[in-house]
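Colleague: The structure file entry_31.txt (compact mmCIF, C-alpha atoms) is provided below.
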```
# COMPACT_ATOMS: atom_id res chain seq x y z
CA MET A 1 -18.93 -19.95 -3.01
CA HIS A 2 -19.21 -18.31 -6.43
CA LEU A 3 -15.60 -19.03 -7.47
CA SER A 4 -14.37 -22.31 -8.93
CA SER A 5 -11.58 -24.22 -7.20
CA THR A 6 -9.27 -23.27 -10.08
CA ALA A 7 -10.06 -19.57 -9.71
CA LYS A 8 -9.50 -19.75 -5.96
CA ALA A 9 -6.16 -21.47 -6.41
CA GLU A 10 -4.96 -18.81 -8.85
CA LEU A 11 -6.08 -15.93 -6.61
CA SER A 12 -4.34 -17.56 -3.65
CA ARG A 13 -1.17 -18.11 -5.69
CA ILE A 14 -1.01 -14.45 -6.70
CA ALA A 15 -1.78 -13.21 -3.18
CA ASN A 16 0.98 -15.34 -1.73
CA LYS A 17 3.45 -14.23 -4.39
CA ILE A 18 2.69 -10.59 -3.55
CA GLY A 19 3.10 -11.41 0.14
CA ALA A 20 6.51 -13.07 -0.21
CA PRO A 21 8.53 -12.58 3.02
CA GLY A 22 11.01 -9.72 2.91
CA LYS A 23 9.29 -8.04 -0.02
CA GLY A 24 6.60 -5.38 -0.33
CA LEU A 25 4.64 -3.34 -2.83
CA LEU A 26 5.78 -0.20 -4.64
CA ALA A 27 2.76 2.09 -4.89
CA CYS A 28 3.12 4.05 -8.16
CA ASP A 29 -0.57 4.71 -8.66
CA GLU A 30 -0.46 8.51 -8.49
CA SER A 31 -2.70 10.16 -11.05
CA ALA A 32 -1.15 12.57 -13.55
CA GLY A 33 -2.35 15.44 -11.38
CA THR A 34 -0.95 14.05 -8.13
CA ILE A 35 2.44 13.15 -9.50
CA GLY A 36 2.51 16.59 -11.12
CA LEU A 37 2.43 18.17 -7.67
CA ARG A 38 5.39 16.04 -6.64
CA PHE A 39 7.27 16.79 -9.84
CA ASP A 40 6.76 20.49 -9.15
CA GLU A 41 8.61 20.09 -5.86
CA VAL A 42 11.74 18.88 -7.67
CA GLY A 43 11.46 21.09 -10.77
CA VAL A 44 10.28 18.45 -13.24
CA GLU A 45 7.77 19.27 -15.97
CA ASN A 46 4.66 17.10 -15.70
CA THR A 47 4.50 15.51 -19.16
CA GLU A 48 3.52 11.97 -20.14
CA GLU A 49 7.08 11.45 -21.41
CA ASN A 50 8.56 12.40 -18.04
CA ARG A 51 6.06 10.22 -16.17
CA GLN A 52 6.98 7.25 -18.36
CA PHE A 53 10.71 7.91 -18.00
CA TYR A 54 10.48 8.21 -14.22
CA ARG A 55 8.52 5.00 -13.73
CA ASN A 56 10.74 3.10 -16.15
CA MET A 57 13.69 4.29 -14.04
CA LEU A 58 12.09 2.84 -10.90
CA TYR A 59 11.20 -0.54 -12.36
CA SER A 60 14.45 -1.06 -14.27
CA MET A 61 16.74 -0.70 -11.26
CA PRO A 62 18.50 -4.11 -11.27
CA SER A 63 17.69 -5.03 -7.65
CA THR A 64 14.10 -3.77 -7.48
CA SER A 65 12.56 -7.26 -7.59
CA GLU A 66 14.71 -8.42 -4.64
CA TYR A 67 12.57 -6.28 -2.35
CA ILE A 68 9.47 -5.48 -4.44
CA SER A 69 6.94 -8.23 -5.16
CA GLY A 70 4.46 -6.09 -7.06
CA VAL A 71 3.75 -2.60 -8.32
CA ILE A 72 0.47 -0.68 -8.12
CA LEU A 73 -0.03 1.24 -11.36
CA ASP A 74 -2.20 4.15 -12.42
CA PRO A 75 -4.38 3.35 -15.47
CA GLU A 76 -2.16 5.59 -17.62
CA THR A 77 0.93 3.56 -16.70
CA LEU A 78 -0.85 0.25 -17.31
CA TYR A 79 -1.00 1.07 -21.02
CA GLN A 80 2.41 2.72 -21.37
CA ARG A 81 5.51 0.89 -22.57
CA ALA A 82 8.87 0.34 -20.96
CA ASP A 83 12.04 1.25 -22.82
CA THR A 84 12.26 -2.42 -23.88
CA GLY A 85 9.10 -1.99 -25.97
CA GLN A 86 7.04 -4.19 -23.65
CA THR A 87 3.98 -2.84 -21.91
CA PHE A 88 4.75 -2.05 -18.29
CA PRO A 89 2.74 -5.10 -17.07
CA GLU A 90 4.72 -7.34 -19.42
CA TYR A 91 7.97 -5.74 -18.28
CA LEU A 92 7.16 -6.14 -14.59
CA GLU A 93 6.17 -9.78 -15.08
CA SER A 94 9.49 -10.41 -16.85
CA LEU A 95 11.22 -9.08 -13.72
CA ASN A 96 9.14 -11.31 -11.41
CA MET A 97 7.01 -8.44 -10.08
CA VAL A 98 3.21 -8.66 -10.15
CA PRO A 99 1.49 -5.73 -11.92
CA GLY A 100 -1.57 -4.25 -10.22
CA ILE A 101 -3.92 -1.35 -10.76
CA LYS A 102 -5.77 1.38 -8.87
CA PRO A 103 -9.37 1.01 -10.14
CA HIS A 104 -11.25 3.56 -8.04
CA LEU A 105 -12.11 6.98 -9.39
CA LYS A 106 -12.47 10.20 -7.39
CA VAL A 107 -13.23 10.78 -3.74
CA CYS A 108 -16.40 12.77 -3.13
CA PRO A 109 -18.28 14.13 -0.09
CA LEU A 110 -20.58 11.79 1.83
CA PRO A 111 -24.00 13.51 1.73
CA GLY A 112 -25.17 14.68 5.13
CA LYS A 113 -21.80 14.15 6.80
CA THR A 114 -19.53 17.19 6.92
CA GLY A 115 -15.91 16.34 6.20
CA GLU A 116 -16.53 12.64 5.47
CA THR A 117 -16.12 11.07 2.04
CA ILE A 118 -16.78 8.07 -0.16
CA MET A 119 -14.93 6.79 -3.20
CA GLN A 120 -16.50 6.69 -6.66
CA GLY A 121 -16.16 3.97 -9.30
CA LEU A 122 -18.14 0.89 -8.28
CA ASP A 123 -20.80 1.19 -10.99
CA SER A 124 -18.36 0.65 -13.84
CA LEU A 125 -15.86 -1.49 -11.96
CA GLY A 126 -16.72 -4.83 -13.56
CA VAL A 127 -16.12 -3.56 -17.09
CA ARG A 128 -12.88 -1.87 -16.09
CA CYS A 129 -11.63 -4.95 -14.21
CA SER A 130 -12.12 -7.04 -17.33
CA GLU A 131 -10.11 -4.51 -19.34
CA TYR A 132 -7.38 -4.28 -16.70
CA TYR A 133 -7.00 -8.06 -16.59
CA LYS A 134 -6.63 -8.21 -20.38
CA ALA A 135 -3.98 -5.48 -20.14
CA GLY A 136 -1.95 -7.60 -17.72
CA ALA A 137 -3.00 -6.49 -14.22
CA ARG A 138 -3.35 -9.28 -11.66
CA PHE A 139 -4.42 -7.37 -8.57
CA CYS A 140 -6.28 -4.19 -7.62
CA LYS A 141 -6.15 -1.73 -4.74
CA TRP A 142 -9.16 0.32 -3.59
CA ARG A 143 -8.80 3.05 -0.96
CA SER A 144 -11.59 4.14 1.38
CA PRO A 145 -10.53 7.19 3.44
CA LEU A 146 -11.72 7.74 7.02
CA SER A 147 -10.73 10.19 9.76
CA ILE A 148 -10.63 10.05 13.56
CA THR A 149 -12.21 13.05 15.30
CA SER A 150 -13.80 13.60 18.69
CA THR A 151 -17.07 12.20 17.30
CA GLY A 152 -15.97 10.36 14.18
CA PRO A 153 -15.77 8.57 11.97
CA SER A 154 -19.53 8.31 11.86
CA GLU A 155 -21.09 4.87 11.79
CA LEU A 156 -22.59 5.72 8.40
CA ALA A 157 -19.16 6.47 6.95
CA VAL A 158 -17.69 3.26 8.38
CA GLN A 159 -20.55 1.11 7.07
CA ILE A 160 -20.51 2.63 3.58
CA CYS A 161 -16.73 2.46 3.21
CA CYS A 162 -16.57 -1.15 4.39
CA THR A 163 -19.51 -2.25 2.25
CA ASP A 164 -17.96 -0.55 -0.78
CA LEU A 165 -14.66 -2.35 -0.13
CA ALA A 166 -16.49 -5.67 0.07
CA ARG A 167 -18.40 -5.06 -3.17
CA TYR A 168 -15.18 -4.01 -4.88
CA ALA A 169 -13.35 -7.12 -3.62
CA LEU A 170 -16.10 -9.42 -4.87
CA ILE A 171 -16.11 -7.82 -8.32
CA CYS A 172 -12.32 -8.06 -8.57
CA GLN A 173 -12.25 -11.75 -7.72
CA GLU A 174 -14.97 -12.48 -10.26
CA HIS A 175 -12.61 -11.04 -12.89
CA GLY A 176 -9.49 -12.88 -11.73
CA LEU A 177 -7.93 -9.99 -9.83
CA VAL A 178 -6.67 -10.19 -6.24
CA PRO A 179 -8.31 -7.35 -4.28
CA ILE A 180 -6.30 -5.29 -1.84
CA VAL A 181 -8.71 -3.58 0.55
CA GLU A 182 -7.47 -0.27 1.95
CA PRO A 183 -9.39 1.29 4.84
CA ASP A 184 -7.21 4.40 5.12
CA VAL A 185 -7.64 5.97 8.56
CA SER A 186 -5.91 9.35 8.46
CA MET A 187 -3.08 10.00 10.90
CA THR A 188 -4.06 13.64 11.33
CA GLY A 189 -5.64 14.73 14.62
CA ASP A 190 -4.73 14.80 18.30
CA HIS A 191 -6.15 11.41 19.31
CA ASP A 192 -4.05 9.19 21.56
CA LEU A 193 -3.01 5.60 20.93
CA GLU A 194 -5.90 4.18 22.93
CA ARG A 195 -8.42 6.04 20.78
CA ALA A 196 -6.61 4.84 17.63
CA ILE A 197 -6.89 1.23 18.83
CA GLU A 198 -10.62 1.67 19.55
CA VAL A 199 -11.48 3.18 16.16
CA ASN A 200 -9.27 0.89 14.07
CA THR A 201 -10.63 -2.18 15.83
CA HIS A 202 -14.19 -1.14 14.99
CA ILE A 203 -13.34 -0.39 11.36
CA LEU A 204 -11.51 -3.67 10.70
CA ALA A 205 -14.18 -5.69 12.50
CA THR A 206 -16.83 -4.02 10.33
CA LEU A 207 -14.75 -4.55 7.19
CA TYR A 208 -14.20 -8.27 7.69
CA LYS A 209 -17.84 -8.86 8.54
CA ALA A 210 -18.74 -7.14 5.26
CA LEU A 211 -16.19 -9.20 3.34
CA HIS A 212 -17.59 -12.38 4.90
CA ASP A 213 -21.19 -11.38 4.23
CA HIS A 214 -20.36 -10.73 0.56
CA GLY A 215 -18.63 -14.09 0.16
CA VAL A 216 -15.16 -12.71 -0.58
CA TYR A 217 -12.47 -15.41 -0.73
CA LEU A 218 -10.10 -14.18 1.99
CA GLU A 219 -7.19 -16.44 1.01
CA GLY A 220 -7.17 -14.61 -2.32
CA SER A 221 -7.25 -11.11 -0.86
CA LEU A 222 -4.85 -8.73 0.90
CA LEU A 223 -5.17 -5.88 3.39
CA LYS A 224 -3.57 -2.43 3.07
CA PRO A 225 -4.26 -0.61 6.34
CA ASN A 226 -2.78 2.36 8.09
CA MET A 227 -0.48 1.63 11.00
CA VAL A 228 -2.28 2.09 14.33
CA LEU A 229 -0.62 5.28 15.56
CA PRO A 230 -1.56 8.30 17.68
CA GLY A 231 -2.62 11.41 15.78
CA LYS A 232 0.18 13.59 14.51
CA SER A 233 -0.87 16.35 16.95
CA CYS A 234 -1.09 14.05 19.98
CA LEU A 235 0.92 15.47 22.88
CA LYS A 236 1.53 12.10 24.53
CA SER A 237 4.64 10.22 23.43
CA TYR A 238 4.95 6.47 22.90
CA THR A 239 7.87 4.15 22.27
CA PRO A 240 8.16 2.42 18.89
CA LEU A 241 7.33 -0.91 20.54
CA GLU A 242 4.19 0.54 22.15
CA ARG A 243 3.09 1.78 18.73
CA GLY A 244 3.91 -1.56 17.14
CA ALA A 245 2.02 -3.47 19.82
CA ALA A 246 -1.08 -1.34 19.18
CA THR A 247 -1.29 -2.58 15.59
CA ILE A 248 -0.83 -6.19 16.70
CA THR A 249 -3.57 -5.76 19.30
CA VAL A 250 -6.02 -4.53 16.66
CA PHE A 251 -5.15 -7.36 14.26
CA LYS A 252 -5.52 -10.07 16.90
CA ARG A 253 -9.01 -8.76 17.65
CA THR A 254 -10.20 -8.46 14.06
CA LEU A 255 -8.05 -9.95 11.27
CA PRO A 256 -8.82 -13.51 10.08
CA ALA A 257 -5.87 -15.87 9.82
CA ALA A 258 -6.99 -16.69 6.26
CA VAL A 259 -5.62 -13.33 5.03
CA PRO A 260 -2.08 -14.14 3.87
CA SER A 261 -0.42 -10.74 3.97
CA VAL A 262 -0.81 -7.17 5.22
CA HIS A 263 0.79 -4.28 3.30
CA PHE A 264 0.82 -1.06 5.31
CA LEU A 265 0.41 2.37 3.77
CA SER A 266 2.89 4.99 4.94
CA GLY A 267 0.34 7.76 5.55
CA GLY A 268 2.69 10.68 5.01
CA GLN A 269 5.57 9.27 7.06
CA SER A 270 9.13 9.74 5.86
CA GLY A 271 11.04 6.68 4.73
CA GLU A 272 12.87 6.51 8.04
CA GLU A 273 9.71 6.90 10.13
CA ALA A 274 7.92 4.25 8.10
CA SER A 275 10.82 1.81 8.48
CA ILE A 276 11.01 2.36 12.25
CA ASN A 277 7.28 1.83 12.73
CA LEU A 278 7.08 -1.18 10.39
CA ASP A 279 10.05 -2.71 12.19
CA ALA A 280 8.36 -2.11 15.56
CA ILE A 281 5.18 -3.83 14.36
CA ASN A 282 7.17 -6.89 13.31
CA LYS A 283 9.14 -6.94 16.56
CA ALA A 284 5.82 -6.82 18.45
CA LYS A 285 4.58 -9.66 16.25
CA GLN A 286 7.67 -11.73 17.07
CA GLN A 287 7.30 -11.06 20.79
CA ASP A 288 3.64 -12.07 20.68
CA GLY A 289 4.38 -15.30 18.81
CA ARG A 290 0.79 -15.93 17.74
CA CYS A 291 0.39 -13.81 14.60
CA PRO A 292 0.13 -15.76 11.31
CA TRP A 293 0.30 -12.84 8.88
CA ASN A 294 3.16 -11.50 6.81
CA LEU A 295 3.35 -7.79 7.77
CA THR A 296 5.06 -5.68 5.15
CA PHE A 297 4.77 -2.45 3.14
CA SER A 298 2.93 -0.82 0.28
CA PHE A 299 4.60 2.59 0.30
CA SER A 300 4.53 5.49 -2.14
CA ARG A 301 6.03 8.66 -0.69
CA ALA A 302 8.04 6.77 1.94
CA ILE A 303 9.93 5.26 -1.00
CA GLN A 304 9.68 7.85 -3.73
CA ASP A 305 10.24 11.22 -2.02
CA THR A 306 14.00 10.96 -1.70
CA VAL A 307 14.25 9.18 -5.06
CA GLN A 308 12.51 12.07 -6.81
CA ARG A 309 14.81 14.59 -5.15
CA ALA A 310 17.87 12.61 -6.18
CA TRP A 311 16.61 12.42 -9.77
CA SER A 312 15.24 15.97 -10.25
CA GLY A 313 14.38 15.16 -13.86
CA LYS A 314 17.99 14.83 -15.01
CA LYS A 315 19.18 11.78 -16.93
CA GLU A 316 22.64 12.12 -15.41
CA ASN A 317 21.05 11.58 -11.98
CA VAL A 318 19.45 8.22 -12.81
CA ALA A 319 22.19 6.19 -11.11
CA ALA A 320 21.95 8.30 -7.94
CA ALA A 321 18.14 8.03 -7.93
CA GLN A 322 18.26 4.26 -8.36
CA ALA A 323 20.81 4.01 -5.54
CA GLU A 324 18.39 5.92 -3.31
CA LEU A 325 15.57 3.61 -4.39
CA LEU A 326 17.65 0.58 -3.46
CA LYS A 327 18.40 2.11 -0.06
CA GLN A 328 14.73 2.76 0.70
CA ILE A 329 13.37 -0.63 -0.37
CA THR A 330 16.23 -2.45 1.38
CA ASN A 331 15.39 -0.63 4.63
CA HIS A 332 11.69 -1.40 4.30
CA GLY A 333 12.43 -5.03 3.41
CA LYS A 334 14.49 -5.39 6.59
CA ALA A 335 11.76 -3.66 8.61
CA SER A 336 9.20 -6.17 7.28
CA GLN A 337 11.20 -8.86 9.06
CA GLY A 338 11.93 -6.92 12.25
CA LEU A 339 15.58 -6.48 11.24
CA TYR A 340 15.83 -2.75 10.60
CA VAL A 341 18.48 -0.70 12.41
CA PRO A 342 17.48 3.00 12.64
CA LEU A 343 19.79 5.70 11.35
CA THR A 344 22.10 7.56 13.71
CA ASP A 345 21.72 11.30 14.29
CA ASP A 346 23.97 12.10 11.32
CA GLY A 347 21.76 10.07 8.97
CA SER A 348 24.09 7.08 8.59
CA GLN A 349 23.61 3.43 9.48
CA PRO A 350 25.35 2.44 12.72
CA ALA A 351 28.50 0.43 12.29
CA THR A 352 27.97 -3.30 12.69
CA LYS A 353 29.68 -4.66 15.78
CA ARG A 354 32.08 -7.49 15.15
CA ALA A 355 32.21 -10.54 17.34
```
Mind converting the file's structure to structure tokens?
Modeller:
Amino acid sequence: MHLSSTAKAELSRIANKIGAPGKGLLACDESAGTIGLRFDEVGVENTEENRQFYRNMLYSMPSTSEYISGVILDPETLYQRADTGQTFPEYLESLNMVPGIKPHLKVCPLPGKTGETIMQGLDSLGVRCSEYYKAGARFCKWRSPLSITSTGPSELAVQICCTDLARYALICQEHGLVPIVEPDVSMTGDHDLERAIEVNTHILATLYKALHDHGVYLEGSLLKPNMVLPGKSCLKSYTPLERGAATITVFKRTLPAAVPSVHFLSGGQSGEEASINLDAINKAKQQDGRCPWNLTFSFSRAIQDTVQRAWSGKKENVAAAQAELLKQITNHGKASQGLYVPLTDDGSQPATKRA
């Protein structure tokens, strides 16, 4: 193995801190362009000052670190400063949250494969990882998008995406950064749950063979997958527990026990949908009784959508926005332990029954 025992121990320590039970990741790695689209929806001007103010508002909420173990940053945010004067990585560390970074560049078409893509950025990754580590980042997250169709994803797309994730993970670990590998299988389409299980099993099996072949230290790595769900246009309905059991089935067939924690992406789900499905996965895990992994969240829109609407760019709305943030991360934290209680039809939590 190319890593020293000291390097392995540090990577494992960070990975386990990120995967602390009851906590998850806050994905704040939107580029200036992407967050600008979301600001437009709530009437906020997309300036660097507003981006800094908004992210400072998220991180400074007093209870954030009770449910958030780490934060994925965009490179711009990595070098910005909190209102305390500290860099955001320094500020997050002071609050017991691990700072991470999105190191990949742009998605581009896969030549010869209509509608399939690859992610750019491997060629310069080593240099950037060194810079990110010096700036305070301690983990990275690389996304490789794939889609389920009647004939896809193609084997070429699967092989390239998984090999790229393995190369990325190896480079990260050589520079002291815990790699989060994200094979992002889109939830669009009309495929049923059985097809989702088939495709996701093949992708994760291919990914972990690539990680093994490249010599990636699994105990010092994390997985950020999609939940195994039917396509959004699927006409067949499934119970939450059936959906949760599908993810557990795929993991039992493919995911090494050495991986300490799994942090699901939300894939366009609302906060409530993401909590229900994460809770169902953990209930299925508990029923199975043979799953060693911590199964939690790494959500962006499923946390931030309602927070952004509550804030709407107004300083007088900061308290309301932070209250909404606390609500969302509390719900997801409970779901990561199989303890979430879904909202009633009027949007409230059911009253707790007394003994």
Colleague: Taking only C-alpha atoms into account, which of A:Leu26, A:Leu204, A:Val107, A:Val42 comes nearest Val71 in chain A?
Modeller: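 Ranking A:Leu26, A:Leu204, A:Val107, A:Val42 by distance to Val71 in chain A, first place goes to A:Leu26.
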Colleague: Would you compute the distance between CA of Gly289 in chain A and CA of Ala257 in chain A? Give it in Å to one decimal.
Modeller: 13.6 Å
Colleague: I want to know what sits within 8 Å of Cys28 in chain A, based on all atoms listed in the file, with residues of the same chain fewer than 5 positions away left out; could you give that as number ranges by chain?
Modeller: A: 55, 71-74, 300
Colleague: How many Å separate CA of Ile101 in chain A from CA of Arg138 in chain A?
Modeller: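 Separation of CA of Ile101 in chain A and CA of Arg138 in chain A: 8.0 Å.
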Colleague: Counting all atoms listed in the file, which of A:Phe251, A:Ser144, A:Leu211, A:Ala135 gets nearest to Arg81 in chain A?
Modeller: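 Counting all atoms listed in the file, the residue closest to Arg81 in chain A is A:Ala135.
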Colleague: One decimal, Å: what's the distance from CA of Ala205 in chain A over to CA of Pro183 in chain A, could you say?
Modeller: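 That distance, rounded to one decimal, is 11.4 Å.
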Colleague: Tell me, as a PyMOL selection string, which residues lie within 12 Å of range 61-68 of chain A, counting only C-alpha atoms; anything in the same chain fewer than 3 positions away does not count.
Modeller: chain A and resi 17-27+54-58+71-72+91-99+263+296-299+303+307+318-337
Colleague: Nearest to Ser69 in chain A: which of A:Gln173, A:Ser266, A:Asn16, A:Thr201 is it, counting only C-alpha atoms?
Modeller: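 With only C-alpha atoms as the atom set, the closest residue is A:Asn16.
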Colleague: Show me, as a Markdown table, the residues of range 170-226 of chain A having an atom within 12 Å of range 108-120 of chain A, each with the closest atom pair and its distance in Å, using only C-alpha atoms.
Modeller:
```
| residue | atom | partner | partner_atom | distance |
| --- | --- | --- | --- | --- |
| A:Glu182 | CA | A:Met119 | CA | 11.5 |
| A:Pro183 | CA | A:Ile118 | CA | 11.2 |
| A:Asp184 | CA | A:Ile118 | CA | 11.5 |
| A:Val185 | CA | A:Glu116 | CA | 11.5 |
| A:Ser186 | CA | A:Glu116 | CA | 11.5 |
```
Colleague: Would you mind putting back N, CA and C atoms on range 319-345 of chain A, then writing it out as a short mmCIF file (atom, residue, chain, number, x, y, z; two decimals), in the coordinates of the input?
Modeller:
```cif
data_model
loop_
_atom_site.label_atom_id
_atom_site.label_comp_id
_atom_site.auth_asym_id
_atom_site.auth_seq_id
_atom_site.Cartn_x
_atom_site.Cartn_y
_atom_site.Cartn_z
N ALA A 319 21.46 7.13 -11.96
CA ALA A 319 22.19 6.19 -11.11
C ALA A 319 22.02 6.56 -9.63
N ALA A 320 22.11 7.85 -9.32
CA ALA A 320 21.95 8.30 -7.94
C ALA A 320 20.53 8.04 -7.45
N ALA A 321 19.54 8.27 -8.31
CA ALA A 321 18.14 8.03 -7.93
C ALA A 321 17.89 6.55 -7.68
N GLN A 322 18.45 5.70 -8.54
CA GLN A 322 18.26 4.26 -8.36
C GLN A 322 18.99 3.76 -7.11
N ALA A 323 20.11 4.37 -6.78
CA ALA A 323 20.81 4.01 -5.54
C ALA A 323 19.96 4.38 -4.32
N GLU A 324 19.28 5.51 -4.39
CA GLU A 324 18.39 5.92 -3.31
C GLU A 324 17.19 4.99 -3.22
N LEU A 325 16.67 4.57 -4.37
CA LEU A 325 15.57 3.61 -4.39
C LEU A 325 15.99 2.31 -3.71
N LEU A 326 17.16 1.82 -4.06
CA LEU A 326 17.65 0.58 -3.46
C LEU A 326 17.78 0.72 -1.94
N LYS A 327 18.27 1.86 -1.50
CA LYS A 327 18.40 2.11 -0.06
C LYS A 327 17.05 2.04 0.64
N GLN A 328 16.05 2.71 0.07
CA GLN A 328 14.73 2.76 0.70
C GLN A 328 14.07 1.39 0.75
N ILE A 329 14.07 0.66 -0.36
CA ILE A 329 13.37 -0.63 -0.37
C ILE A 329 14.13 -1.68 0.43
N THR A 330 15.45 -1.55 0.51
CA THR A 330 16.23 -2.45 1.38
C THR A 330 15.85 -2.23 2.84
N ASN A 331 15.77 -0.95 3.25
CA ASN A 331 15.39 -0.63 4.63
C ASN A 331 14.00 -1.17 4.95
N HIS A 332 13.05 -0.95 4.05
CA HIS A 332 11.69 -1.40 4.30
C HIS A 332 11.61 -2.94 4.30
N GLY A 333 12.40 -3.57 3.42
CA GLY A 333 12.43 -5.03 3.41
C GLY A 333 12.94 -5.59 4.73
N LYS A 334 13.97 -4.96 5.28
CA LYS A 334 14.49 -5.39 6.59
C LYS A 334 13.44 -5.14 7.68
N ALA A 335 12.78 -3.98 7.61
CA ALA A 335 11.76 -3.66 8.61
C ALA A 335 10.61 -4.67 8.58
N SER A 336 10.30 -5.20 7.40
CA SER A 336 9.20 -6.17 7.28
C SER A 336 9.53 -7.50 7.95
N GLN A 337 10.78 -7.65 8.36
CA GLN A 337 11.20 -8.86 9.06
C GLN A 337 11.68 -8.57 10.48
N GLY A 338 11.48 -7.30 10.92
CA GLY A 338 11.93 -6.92 12.25
C GLY A 338 13.43 -6.82 12.38
N LEU A 339 14.12 -6.49 11.27
CA LEU A 339 15.58 -6.48 11.24
C LEU A 339 16.16 -5.11 10.94
N TYR A 340 15.34 -4.08 10.97
CA TYR A 340 15.83 -2.75 10.60
C TYR A 340 16.59 -2.10 11.76
N VAL A 341 17.70 -1.46 11.43
CA VAL A 341 18.48 -0.70 12.41
C VAL A 341 18.33 0.77 12.07
N PRO A 342 17.71 1.58 12.95
CA PRO A 342 17.48 3.00 12.64
C PRO A 342 18.77 3.76 12.40
N LEU A 343 18.64 4.85 11.65
CA LEU A 343 19.79 5.70 11.35
C LEU A 343 20.27 6.41 12.61
N THR A 344 21.55 6.75 12.63
CA THR A 344 22.10 7.56 13.71
C THR A 344 21.74 9.02 13.46
N ASP A 345 22.09 9.89 14.39
CA ASP A 345 21.72 11.30 14.29
C ASP A 345 22.27 11.98 13.04
#
```
